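Undergrad: Next comes the structure file model-v9.cif, holding mmCIF, C-alpha atoms.
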data_upload
loop_
_atom_site.label_atom_id
_atom_site.label_comp_id
_atom_site.auth_asym_id
_atom_site.auth_seq_id
_atom_site.Cartn_x
_atom_site.Cartn_y
_atom_site.Cartn_z
CA MET A 1 36.31 -0.02 34.34
CA SER A 2 37.97 2.95 35.96
CA SER A 3 37.38 4.16 39.48
CA ARG A 4 36.71 7.63 38.05
CA GLY A 5 34.26 6.83 35.26
CA GLU A 6 33.03 4.31 32.75
CA TYR A 7 35.22 3.24 29.88
CA ASP A 8 33.97 4.99 26.72
CA GLY A 9 35.00 2.31 24.25
CA ARG A 10 37.52 4.61 22.58
CA GLY A 11 40.36 4.44 25.05
CA GLY A 12 39.02 7.22 27.26
CA GLU A 13 36.64 7.69 30.15
CA ALA A 14 33.13 9.10 30.06
CA PRO A 15 32.82 12.45 31.82
CA ARG A 16 30.75 11.96 34.94
CA THR A 17 27.38 13.74 35.29
CA ASP A 18 26.60 12.57 38.82
CA GLY A 19 27.74 14.85 41.62
CA GLY A 20 28.27 17.81 39.32
CA GLN A 21 26.85 19.86 36.49
CA PRO A 22 26.99 18.36 32.99
CA THR A 23 29.52 20.00 30.71
CA LEU A 24 30.25 20.27 27.00
CA LYS A 25 32.40 17.15 27.39
CA THR A 26 29.36 15.32 28.80
CA ILE A 27 27.31 16.15 25.70
CA ALA A 28 30.24 15.31 23.43
CA PHE A 29 30.55 11.87 25.02
CA MET A 30 26.81 11.20 24.80
CA THR A 31 26.56 12.24 21.15
CA GLY A 32 29.92 10.95 19.91
CA LEU A 33 30.83 14.43 18.67
CA GLY A 34 33.77 16.69 19.36
CA VAL A 35 33.54 19.39 22.01
CA THR A 36 33.97 22.15 19.41
CA THR A 37 31.11 20.72 17.30
CA VAL A 38 28.89 20.51 20.39
CA SER A 39 29.69 24.09 21.35
CA ARG A 40 28.85 25.39 17.88
CA ALA A 41 25.69 23.29 17.68
CA LEU A 42 24.46 24.79 20.96
CA LYS A 43 25.06 28.23 19.46
CA ASP A 44 22.99 27.19 16.41
CA ALA A 45 25.92 27.77 14.06
CA SER A 46 24.82 27.52 10.44
CA ASP A 47 27.84 25.42 9.41
CA ILE A 48 26.60 22.59 11.65
CA SER A 49 23.85 20.46 10.08
CA LEU A 50 20.32 21.01 11.34
CA ASP A 51 20.00 17.37 12.44
CA THR A 52 23.20 17.63 14.49
CA ARG A 53 22.12 20.89 16.07
CA ARG A 54 18.77 19.42 17.06
CA ARG A 55 20.35 16.26 18.47
CA VAL A 56 22.89 18.20 20.54
CA GLN A 57 20.30 20.66 21.82
CA LEU A 58 17.93 17.83 22.74
CA VAL A 59 20.62 16.06 24.75
CA ALA A 60 21.57 19.32 26.45
CA ARG A 61 17.97 19.87 27.54
CA GLN A 62 17.54 16.29 28.71
CA ILE A 63 20.60 16.33 30.97
CA GLY A 64 20.01 19.88 32.23
CA TYR A 65 23.13 21.41 30.71
CA ARG A 66 23.72 25.09 31.52
CA PRO A 67 26.69 27.11 30.25
CA ASN A 68 29.22 28.06 32.90
CA ARG A 69 28.71 31.82 33.07
CA ALA A 70 32.18 32.52 34.41
CA GLY A 71 33.67 30.58 31.52
CA VAL A 72 31.41 32.28 28.99
CA ARG A 73 32.39 35.66 30.34
CA LEU A 74 36.10 34.86 30.16
CA ARG A 75 35.80 33.61 26.59
CA THR A 76 33.39 36.18 25.15
CA GLY A 77 33.31 39.12 27.53
CA LYS A 78 29.54 38.53 27.90
CA THR A 79 27.49 37.46 30.89
CA ASN A 80 24.47 36.09 29.00
CA VAL A 81 22.34 38.00 31.51
CA ILE A 82 19.64 40.64 31.02
CA SER A 83 18.80 42.79 34.03
CA LEU A 84 15.24 43.99 34.68
CA VAL A 85 15.56 47.03 36.94
CA LEU A 86 12.38 46.91 38.96
CA ASP A 87 10.78 49.34 41.37
CA THR A 88 10.00 47.34 44.52
CA ASP A 89 7.08 49.69 45.26
CA GLU A 90 5.47 48.97 41.87
CA GLN A 91 1.81 48.12 42.25
CA LEU A 92 1.23 44.49 41.41
CA MET A 93 -2.11 43.44 39.88
CA GLY A 94 -0.24 41.35 37.33
CA PHE A 95 2.45 43.83 36.25
CA VAL A 96 5.47 42.26 37.89
CA SER A 97 4.70 38.60 37.23
CA ASP A 98 3.46 39.25 33.69
CA ILE A 99 6.38 41.37 32.52
CA ILE A 100 8.86 38.89 34.02
CA SER A 101 6.98 36.06 32.30
CA GLY A 102 7.09 37.87 28.97
CA ILE A 103 10.82 38.56 29.20
CA SER A 104 11.67 35.07 30.44
CA GLY A 105 9.54 33.47 27.76
CA HIS A 106 11.43 35.26 25.02
CA LEU A 107 14.83 34.51 26.55
CA ALA A 108 14.03 30.81 26.99
CA ALA A 109 15.13 29.97 23.45
CA THR A 110 18.39 31.92 23.82
CA PRO A 111 21.52 31.59 25.97
CA TYR A 112 20.34 34.56 28.04
CA HIS A 113 18.87 34.57 31.52
CA LEU A 114 16.93 37.19 33.43
CA ILE A 115 17.91 38.70 36.74
CA VAL A 116 15.84 41.27 38.64
CA THR A 117 17.71 44.26 40.03
CA PRO A 118 15.41 45.92 42.58
CA TYR A 119 15.38 49.49 43.85
CA SER A 120 13.10 51.61 46.02
CA ARG A 121 11.55 54.94 45.17
CA LYS A 122 13.16 56.22 48.35
CA SER A 123 16.62 55.68 46.81
CA ASP A 124 18.33 57.13 43.77
CA PRO A 125 16.97 55.34 40.65
CA MET A 126 20.42 55.75 39.09
CA ASP A 127 22.01 53.47 41.68
CA PRO A 128 20.96 50.11 40.17
CA ILE A 129 21.79 51.33 36.66
CA ARG A 130 25.30 52.36 37.67
CA TYR A 131 25.76 49.08 39.54
CA VAL A 132 24.93 46.91 36.53
CA VAL A 133 27.08 48.95 34.15
CA GLU A 134 30.08 49.40 36.44
CA THR A 135 30.18 45.76 37.58
CA HIS A 136 29.41 44.41 34.08
CA SER A 137 26.87 42.10 35.72
CA ALA A 138 24.59 42.04 32.66
CA ASP A 139 24.80 42.52 28.91
CA GLY A 140 21.61 44.55 28.70
CA ILE A 141 19.09 46.40 30.86
CA ILE A 142 15.32 46.77 30.80
CA LEU A 143 13.88 49.63 32.85
CA SER A 144 10.48 51.21 33.40
CA ARG A 145 8.79 54.30 34.87
CA THR A 146 10.41 56.60 32.34
CA GLU A 147 10.53 60.37 32.69
CA PRO A 148 10.51 62.89 29.82
CA GLU A 149 14.21 63.70 30.31
CA ASP A 150 15.35 60.48 31.93
CA ALA A 151 18.84 60.57 33.44
CA ARG A 152 19.08 56.77 33.23
CA VAL A 153 18.49 56.85 29.48
CA ARG A 154 21.17 59.49 28.98
CA TYR A 155 23.67 57.60 31.14
CA LEU A 156 23.17 54.31 29.27
CA ALA A 157 23.17 55.93 25.83
CA GLU A 158 26.40 57.80 26.55
CA ARG A 159 28.05 54.51 27.50
CA ASN A 160 26.59 52.64 24.50
CA PHE A 161 25.12 50.06 26.89
CA PRO A 162 22.24 48.02 25.39
CA PHE A 163 18.92 48.90 27.05
CA ALA A 164 15.20 49.17 26.38
CA THR A 165 12.56 51.08 28.30
CA HIS A 166 9.00 50.20 29.21
CA GLY A 167 7.64 53.61 28.32
CA ARG A 168 8.90 56.47 26.20
CA THR A 169 10.85 59.64 26.86
CA SER A 170 10.48 63.00 25.15
CA GLY A 171 14.16 63.86 24.84
CA SER A 172 16.41 63.80 21.79
CA ILE A 173 18.04 60.44 22.58
CA ALA A 174 16.85 57.62 20.35
CA HIS A 175 16.41 54.39 22.31
CA ALA A 176 14.58 51.09 22.18
CA TYR A 177 11.21 51.03 23.92
CA HIS A 178 7.82 49.40 24.15
CA ASP A 179 4.89 51.50 25.30
CA PHE A 180 1.14 51.40 25.74
CA ASP A 181 -0.64 54.32 24.04
CA ASN A 182 -2.02 56.05 27.12
CA GLU A 183 -3.18 59.01 25.06
CA ALA A 184 -5.43 56.72 23.03
CA PHE A 185 -6.60 55.02 26.23
CA ALA A 186 -7.71 58.30 27.77
CA ARG A 187 -9.61 59.34 24.62
CA LEU A 188 -11.36 55.96 24.52
CA ALA A 189 -12.28 56.31 28.18
CA VAL A 190 -13.77 59.77 27.70
CA ASP A 191 -15.76 58.55 24.71
CA ARG A 192 -17.17 55.61 26.67
CA LEU A 193 -18.13 57.73 29.69
CA THR A 194 -19.84 60.38 27.60
CA ALA A 195 -21.71 57.64 25.71
CA LEU A 196 -22.97 56.50 29.12
CA GLY A 197 -24.27 60.02 29.75
CA ARG A 198 -21.49 61.19 32.07
CA ARG A 199 -20.68 64.88 31.89
CA ARG A 200 -18.34 65.55 34.84
CA ILE A 201 -15.22 63.41 34.52
CA ALA A 202 -12.18 63.07 36.80
CA LEU A 203 -8.85 61.47 35.95
CA LEU A 204 -6.91 59.46 38.51
CA ALA A 205 -3.54 59.78 36.82
CA PRO A 206 0.06 58.59 37.18
CA PRO A 207 2.54 60.88 39.00
CA THR A 208 3.25 64.08 37.10
CA ARG A 209 6.98 63.35 36.73
CA LEU A 210 6.41 60.29 34.55
CA THR A 211 6.15 60.52 30.77
CA TYR A 212 2.92 58.58 30.56
CA HIS A 213 1.24 61.16 32.81
CA GLN A 214 1.75 63.67 30.00
CA HIS A 215 0.41 61.26 27.39
CA MET A 216 -2.67 60.34 29.44
CA LEU A 217 -3.47 63.93 30.38
CA ARG A 218 -3.17 65.03 26.75
CA GLY A 219 -5.55 62.31 25.58
CA PHE A 220 -7.96 63.08 28.42
CA ARG A 221 -8.19 66.75 27.55
CA GLN A 222 -8.38 66.09 23.81
CA GLY A 223 -11.27 63.75 24.46
CA LEU A 224 -13.05 66.32 26.62
CA ALA A 225 -12.54 69.04 24.01
CA GLU A 226 -14.44 66.89 21.49
CA SER A 227 -17.24 65.94 23.89
CA PRO A 228 -20.06 67.56 25.91
CA ALA A 229 -18.26 66.64 29.16
CA ARG A 230 -15.89 68.70 31.30
CA GLU A 231 -13.10 67.96 33.73
CA ILE A 232 -13.49 67.76 37.48
CA PRO A 233 -9.89 68.14 38.74
CA PHE A 234 -8.61 65.31 40.91
CA THR A 235 -5.14 66.42 41.95
CA GLU A 236 -5.35 65.12 45.51
CA ALA A 237 -4.31 61.60 44.49
CA SER A 238 -2.17 59.67 42.01
CA ILE A 239 -1.97 55.95 41.34
CA ASP A 240 1.37 55.77 43.19
CA GLN A 241 -0.24 56.56 46.52
CA PRO A 242 -1.24 53.83 48.99
CA ILE A 243 -4.70 52.44 48.26
CA GLU A 244 -5.99 53.79 51.57
CA ALA A 245 -5.01 57.33 50.55
CA ILE A 246 -6.68 56.93 47.14
CA ARG A 247 -9.85 55.60 48.77
CA ASP A 248 -9.98 58.54 51.21
CA ALA A 249 -9.37 61.11 48.48
CA ALA A 250 -12.06 59.55 46.27
CA ARG A 251 -14.56 59.54 49.13
CA SER A 252 -13.91 63.24 49.80
CA LEU A 253 -14.24 64.09 46.11
CA ALA A 254 -17.54 62.19 45.86
CA LYS A 255 -18.98 64.23 48.74
CA ARG A 256 -18.46 67.59 47.06
CA ASP A 257 -21.40 69.57 45.74
CA GLU A 258 -19.94 69.35 42.24
CA ARG A 259 -18.79 65.76 42.22
CA PRO A 260 -17.69 63.69 39.23
CA ASP A 261 -20.11 61.25 37.68
CA GLY A 262 -17.37 59.55 35.67
CA PHE A 263 -13.84 58.44 36.54
CA ILE A 264 -10.83 57.31 34.51
CA CYS A 265 -8.18 55.26 36.33
CA ALA A 266 -4.64 54.61 35.16
CA SER A 267 -4.32 51.27 36.99
CA ALA A 268 -6.46 48.45 38.31
CA ALA A 269 -5.30 48.79 41.92
CA SER A 270 -6.19 52.47 41.97
CA ALA A 271 -9.59 51.68 40.44
CA LEU A 272 -10.36 49.25 43.28
CA ALA A 273 -9.50 51.90 45.85
CA LEU A 274 -11.40 54.63 44.03
CA VAL A 275 -14.60 52.61 43.68
CA ALA A 276 -14.43 51.67 47.37
CA GLY A 277 -14.10 55.33 48.36
CA VAL A 278 -16.90 56.59 46.12
CA GLU A 279 -19.22 53.83 47.32
CA GLU A 280 -18.42 54.77 50.91
CA ALA A 281 -19.77 58.22 50.04
CA GLY A 282 -23.12 56.55 49.31
CA LEU A 283 -22.98 56.44 45.49
CA VAL A 284 -23.84 53.44 43.34
CA ILE A 285 -21.67 52.40 40.39
CA GLY A 286 -23.63 52.19 37.15
CA LYS A 287 -26.26 54.51 38.54
CA ASP A 288 -24.55 57.53 40.08
CA PHE A 289 -21.15 57.11 38.47
CA ASP A 290 -19.16 55.01 36.02
CA VAL A 291 -15.50 54.06 35.85
CA VAL A 292 -13.14 53.21 32.99
CA SER A 293 -9.79 51.74 34.03
CA LYS A 294 -6.75 50.03 32.60
CA GLN A 295 -6.07 46.50 33.79
CA SER A 296 -3.52 43.81 33.03
CA ALA A 297 -5.34 40.90 34.66
CA ASN A 298 -9.06 40.28 34.35
CA ILE A 299 -9.81 41.23 37.93
CA LEU A 300 -11.85 44.44 37.89
CA PRO A 301 -15.07 42.93 36.49
CA LEU A 302 -14.85 40.31 39.25
CA PHE A 303 -14.89 43.13 41.79
CA ARG A 304 -17.64 45.16 40.09
CA ARG A 305 -19.11 43.98 36.79
CA GLU A 306 -20.01 47.56 35.93
CA ILE A 307 -16.39 48.71 35.67
CA GLN A 308 -15.40 49.43 32.07
CA VAL A 309 -11.89 48.17 31.25
CA VAL A 310 -9.12 48.54 28.69
CA ASN A 311 -6.60 45.69 28.76
CA GLU A 312 -2.85 46.24 28.81
CA ASP A 313 -0.75 43.16 28.01
CA PHE A 314 2.41 43.21 30.13
CA ARG A 315 3.50 39.79 28.87
CA LYS A 316 3.56 41.20 25.37
CA ALA A 317 5.49 44.19 26.68
CA GLY A 318 8.07 41.90 28.27
CA ASP A 319 8.43 39.91 25.07
CA GLU A 320 8.96 43.06 22.98
CA LEU A 321 11.48 44.51 25.44
CA ALA A 322 13.52 41.31 25.54
CA ARG A 323 13.46 41.14 21.75
CA SER A 324 14.74 44.72 21.53
CA VAL A 325 17.59 44.27 24.01
CA LEU A 326 18.82 41.14 22.24
CA ALA A 327 18.66 42.96 18.91
CA LEU A 328 20.76 45.79 20.36
CA ILE A 329 23.32 43.30 21.66
CA GLY A 330 23.36 41.87 18.14
CA GLY A 331 24.20 45.27 16.66
CA GLU A 332 20.80 46.71 15.68
CA ARG A 333 20.42 50.48 15.95
CA PRO A 334 18.14 51.73 18.76
CA GLU A 335 16.09 54.04 16.53
CA ASN A 336 14.78 50.95 14.74
CA LEU A 337 13.46 49.34 17.93
CA GLY A 338 10.43 51.22 19.17
CA SER A 339 6.98 49.62 19.47
CA LEU A 340 3.66 51.08 20.59
CA TYR A 341 0.50 49.18 21.46
CA VAL A 342 -2.63 51.15 20.62
CA PRO A 343 -5.85 50.07 22.38
CA HIS A 344 -9.00 50.09 20.27
CA ALA A 345 -11.85 49.08 22.57
CA VAL A 346 -13.35 49.46 26.03
CA GLN A 347 -14.87 46.31 27.49
CA THR A 348 -17.37 45.77 30.25
CA GLY A 349 -17.93 42.85 32.58
CA ILE A 350 -21.73 43.17 32.44
#
Please, can you express the file's structure as structure tokens?

TA:
Amino acid sequence: MSSRGEYDGRGGEAPRTDGGQPTLKTIAFMTGLGVTTVSRALKDASDISLDTRRRVQLVARQIGYRPNRAGVRLRTGKTNVISLVLDTDEQLMGFVSDIISGISGHLAATPYHLIVTPYSRKSDPMDPIRYVVETHSADGIILSRTEPEDARVRYLAERNFPFATHGRTSGSIAHAYHDFDNEAFARLAVDRLTALGRRRIALLAPPTRLTYHQHMLRGFRQGLAESPAREIPFTEASIDQPIEAIRDAARSLAKRDERPDGFICASAASALALVAGVEEAGLVIGKDFDVVSKQSANILPLFRREIQVVNEDFRKAGDELARSVLALIGGERPENLGSLYVPHAVQTGI
């Protein structure tokens, strides 16, 4: 018996796992395999038998093995990190936790890990992008809140840095993305409101600078053009405003002589604020007005059963975005990595 470790029966000592992180040598000792074989088995190399790969990977999970990132970076030039660049002012209601869950879930079966790189709308959105690229702190980036001509997309494409966007752009640069069809959502919403007898419809939209504002507005107006309803402009608010401001703007709108009797909301949080404001004006949902809103978590019908909803799956979005970034790192071309979820139904909690 050695003072440093247990005798391994082969003239050597077992690598210790207490007091430190397990290493490739730890797994090699426990499985009786060479370090090179263990390393290749963890990478799922096809020249290692399936049984061996499974045995090595099982042991690695059981002892909590994690690759040393500094070592990986020195050997491969990679960090095994994907960065989600996240707006800290993003309204919650399931978006943040769900998209992180979707990304993390997809990465769980890979060597990659997720880090969140936050920024504020009060700062330059290019700052976190430049930081990740210039410090080489990640192998790929996922970003959201895309604009039609997005400077972040151009910067990353020019540097051939793997990235995917939650949302599309309208420029000439091909890039990986996953998006929700907000044009289809708005048409569905108009159809549902007109079927409920609503004829004066207002849209509580995203900020005008974002690409999905254009998509939603186009669908909204296409839907109106094919219906007996007309638009009541609601330019005093956007879903990015504080909920108190949305509530106040909705209350003022509901007090006008020509008030809307139907509303379309681009987010669940804004729908909560809007309904509160309209009800403060003395109107009753389901009687005086109806609302169709997007939601990612099943919360709106709990607030008011009469709210009509279209579900947006942010976990699915996260999964698709992670899949795309890993494919880019693996050499896939960005023009082959776009996905669009098209909603087909409006649901009600009643």

Undergrad: List every protein, DNA or RNA residue that has at least one atom no more than 10 Å from (-5.5, 47.6, 39.7) in the file's coordinates, counting all atoms listed in the file, and write the result as a list in words.

TA: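 Counting all atoms listed in the file, I find these residues within 10 Å of (-5.5, 47.6, 39.7): Gln91, Leu92, Met93, Gly94, Phe95, Ile239, Ile243, Cys265, Ala266, Ser267, Ala268, Ala269, Ser270, Ala271, Leu272, Ala273, Ser293, Lys294, Gln295, Ser296, Ala297, Asn298, Ile299 and Leu300 of chain A.
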
Undergrad: Check what the PyMOL selection byres ((chain A and resi 97-109) around 6) selects in the file above and give those residues as a list in words.

TA: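 Against this file, the PyMOL selection byres ((chain A and resi 97-109) around 6) returns the residues Gly94, Phe95, Val96, Thr110, Tyr112, Phe314, Arg315, Gly318, Asp319 and Ala322 of chain A.
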
Undergrad: On this structure, the PyMOL selection byres ((chain A and resi 174-181) around 9) would catch which residues? List them as a VMD selection string, sorted by chain and number.

TA: chain A and resid 153 157 162 to 169 171 to 173 182 to 186 212 215 to 216 312 to 313 317 to 318 320 to 321 324 to 325 328 333 to 343

Undergrad: Within 9 Å of stretch 274-291 of chain A, which residues of stretch 130-241 of chain A come that close, and what is the closest atom pair and distance in Å for each? Count all atoms listed in the file and give it as a tab-separated table.

TA:
residue	atom	partner	partner_atom	distance
A:Ala189	CA	A:Val291	CA	8.6
A:Leu193	CA	A:Asp290	CA	7.0
A:Leu196	CA	A:Asp290	CA	8.0
A:Arg198	CA	A:Phe289	CA	7.6
A:Leu204	CA	A:Leu274	CA	8.6

Undergrad: Can you pull out the residues contacting A:Tyr155? Cut-off 12 Å, using only C-alpha atoms, and skip same-chain residues under 2 positions away; I want them as a list in words.

TA: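 Those residues are Pro125, Met126, Asp127, Ile129, Arg130, Val133, Glu134, Glu149, Asp150, Ala151, Arg152, Val153, Ala157, Glu158, Arg159, Asn160, Phe161, Pro162, Phe163, Ile173 and His175 of chain A.
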